[in-house]
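Peer 1: Here it is, the structure, as structure tokens.
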Amino acid sequence: MKKIAVFTSGGDAPGMNACVRAVVRTGIYHGLEVYGIMYGYDGMINGEIKKLQTHSVSNIVQRGGTILKSARSDDFRTREGRQKAYEQLQKHGIEGLVAIGGDGTFTGADLFAKEFGMKVIGCPGTIDNDIYGTDYTIGFDTALNTALEAIDKVRDTAAAHDRIFFIEVMGRDSGYIAVECGIGGGAELVMVPETKTTISDVVKSLKGLRKTKTSSIVIVAEGDEEGGAAEVMSKVKNEVNDDRMDFKVTTLGHIQRGGNPTAKDRILGSRCGLAAVEGLMEGKTNCMAGIIHDEVAYTDFQDCINKDKPLNKDYLRLVDILSI
Ligand SMILES: Nc1ncnc2c1ncn2[C@@H]1O[C@H](COP(=O)(O)OP(=O)(O)O)[C@@H](O)[C@H]1O
Ligand SMILES: O=P(O)(O)OC[C@H]1O[C@](O)(COP(=O)(O)O)[C@@H](O)[C@@H]1O
């Protein structure tokens, strides 16, 4: 293998730049030519491909977002789109790809590799931490710490005014951010998509806590089955029907996906990037380079896509016990 390319796809997650840098520098270190594809699969189809040098990735290890930009591509979901993408890669003589993204990116990559014989290794880039085959995903730690900092600030005003705050964090299908910032932020309750918490459960807990506490923080993952924080708050308010309880909502939103990556995300991105390139050089394909128990681990795309990474139930128990 002489030429490889790297791209970021789907969303963006802090630490992706560290990963891109590692791919470029590891490739060059091993004598490969490394190309960057802009705007994910859309850029692959449109031929937005450029050769990268060591200096192309200078001064990015500390930056959030992705210098290669990111996009969601409908065209890549079609056979014609993937055919065009393959032709563009052939023009440059590219034989291997490093795909930095989430489940969707890996689904497209797996299909593409099987259809055209392209070699592809993925790196797990999502703040949601919901990818099987790695203990942590690139971006999760930064998002968690951003959310935690915001929760600390909200707690100050919650305490000063004896309020009950419903704080919405990201996680369309996953409660990792919610549960971990719930523990770290000392939340009274955490609502996540993985477990059912009814409005009556919430009301019962809040009324119970009222006997010992004057303020409370409820963390709601955006994908909770009862709705986001605003919807949960309004349902709880209706059921409580007590004007003495002062409810507020804060939605943290996309601030969680931005900002300079933490040390953990820079290191994770760097390790996965290096492992992806060396994996390609060893002939591996259709798998993701992740880290399990502090060791590099390659997991088949099919497992990454189809297997669940369950939340640690001990974490939810921890929130319950520590919030009394
Ligand atoms: N079944 C599929 N077939 C082909 N391409 C796909 C498929 N699923 C996802 N993709 C491609 O991967 C891109 C990123 O997927 P998406 O789910 O948006 O993000 P993520 O990688 O973060 O999960 C999509 O925009 C699409 O181009
Ligand atoms: O508004 P967008 O860009 O669709 O992103 C929202 C989604 O992004 C996520 O944060 C995941 O993003 P990443 O996978 O890119 O990290 C989800 O939790 C959330 O539902």
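In the structure tokens, chains take letters A, B, ... by order of appearance, with residues numbered from 1 within each chain and ligands from 1 in the order shown.
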Check which residues fall inside 8 Å of ligand 1 when counting only C-alpha atoms and all ligand atoms, and print them as a count of residues only.

Peer 2: 29

Peer 1: Excluding Glu225 (chain A) and its own-chain neighbours fewer than 4 positions away, which residues fall within 10 Å of it when counting only C-alpha atoms? Please give them as a PyMOL selection string.

Peer 2: chain A and resi 173+191-198+221+232

Peer 1: Near Arg266 (chain A), within 7 Å and counting only C-alpha atoms, which residues show up once chain neighbours fewer than 3 positions away are dropped, as a PyMOL selection string?

Peer 2: chain A and resi 15+18+61+261-263+269-270

Peer 1: Leaving out Asn46 (chain A) and any residue of its chain fewer than 5 positions from it, which residues lie within 12 Å of it when counting only C-alpha atoms, given as a list in words?

Peer 2: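 Surrounding residues, per the criterion: Ile37, Met38, Tyr39, Gly40, Tyr41, Ser73, Asp75, Phe76, Gly81, Arg82, Gln83, Lys84, Ala85, Tyr86, Glu87, Gln88 and Leu89 of chain A.
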
Peer 1: Separation of CA of Gly182 (chain A) and CA of Asn145 (chain A), in Å?

Peer 2: 11.4 Å

Peer 1: Among region 227-259 of chain A, which ones does DSSP assign to strand (DSSP E) (computed from the backbone)? Answer as a PDB file with C-alpha atoms, in the first residue's frame.

Peer 2:
ATOM      1  CA  ASP A 246     -39.827  26.508  41.228  1.00  0.00           C
ATOM      2  CA  PHE A 247     -38.893  24.641  38.008  1.00  0.00           C
ATOM      3  CA  LYS A 248     -36.403  25.793  35.343  1.00  0.00           C
ATOM      4  CA  VAL A 249     -34.989  24.278  32.163  1.00  0.00           C
ATOM      5  CA  THR A 250     -31.499  24.604  30.657  1.00  0.00           C
ATOM      6  CA  THR A 251     -30.632  22.972  27.332  1.00  0.00           C
TER       7      THR A 251
END

Peer 1: List as a list of chain:residue names the protein and nucleic acid residues near Leu274 (chain A), meaning an atom at most 7 Å away when only C-alpha atoms are counted, but skip any in the same chain fewer than 3 places from it.

Peer 2: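 These residues fall inside the cut-off: A:Ala22, A:Val23, A:Thr26, A:Ser270, A:Arg271, A:Val277, A:Glu278.
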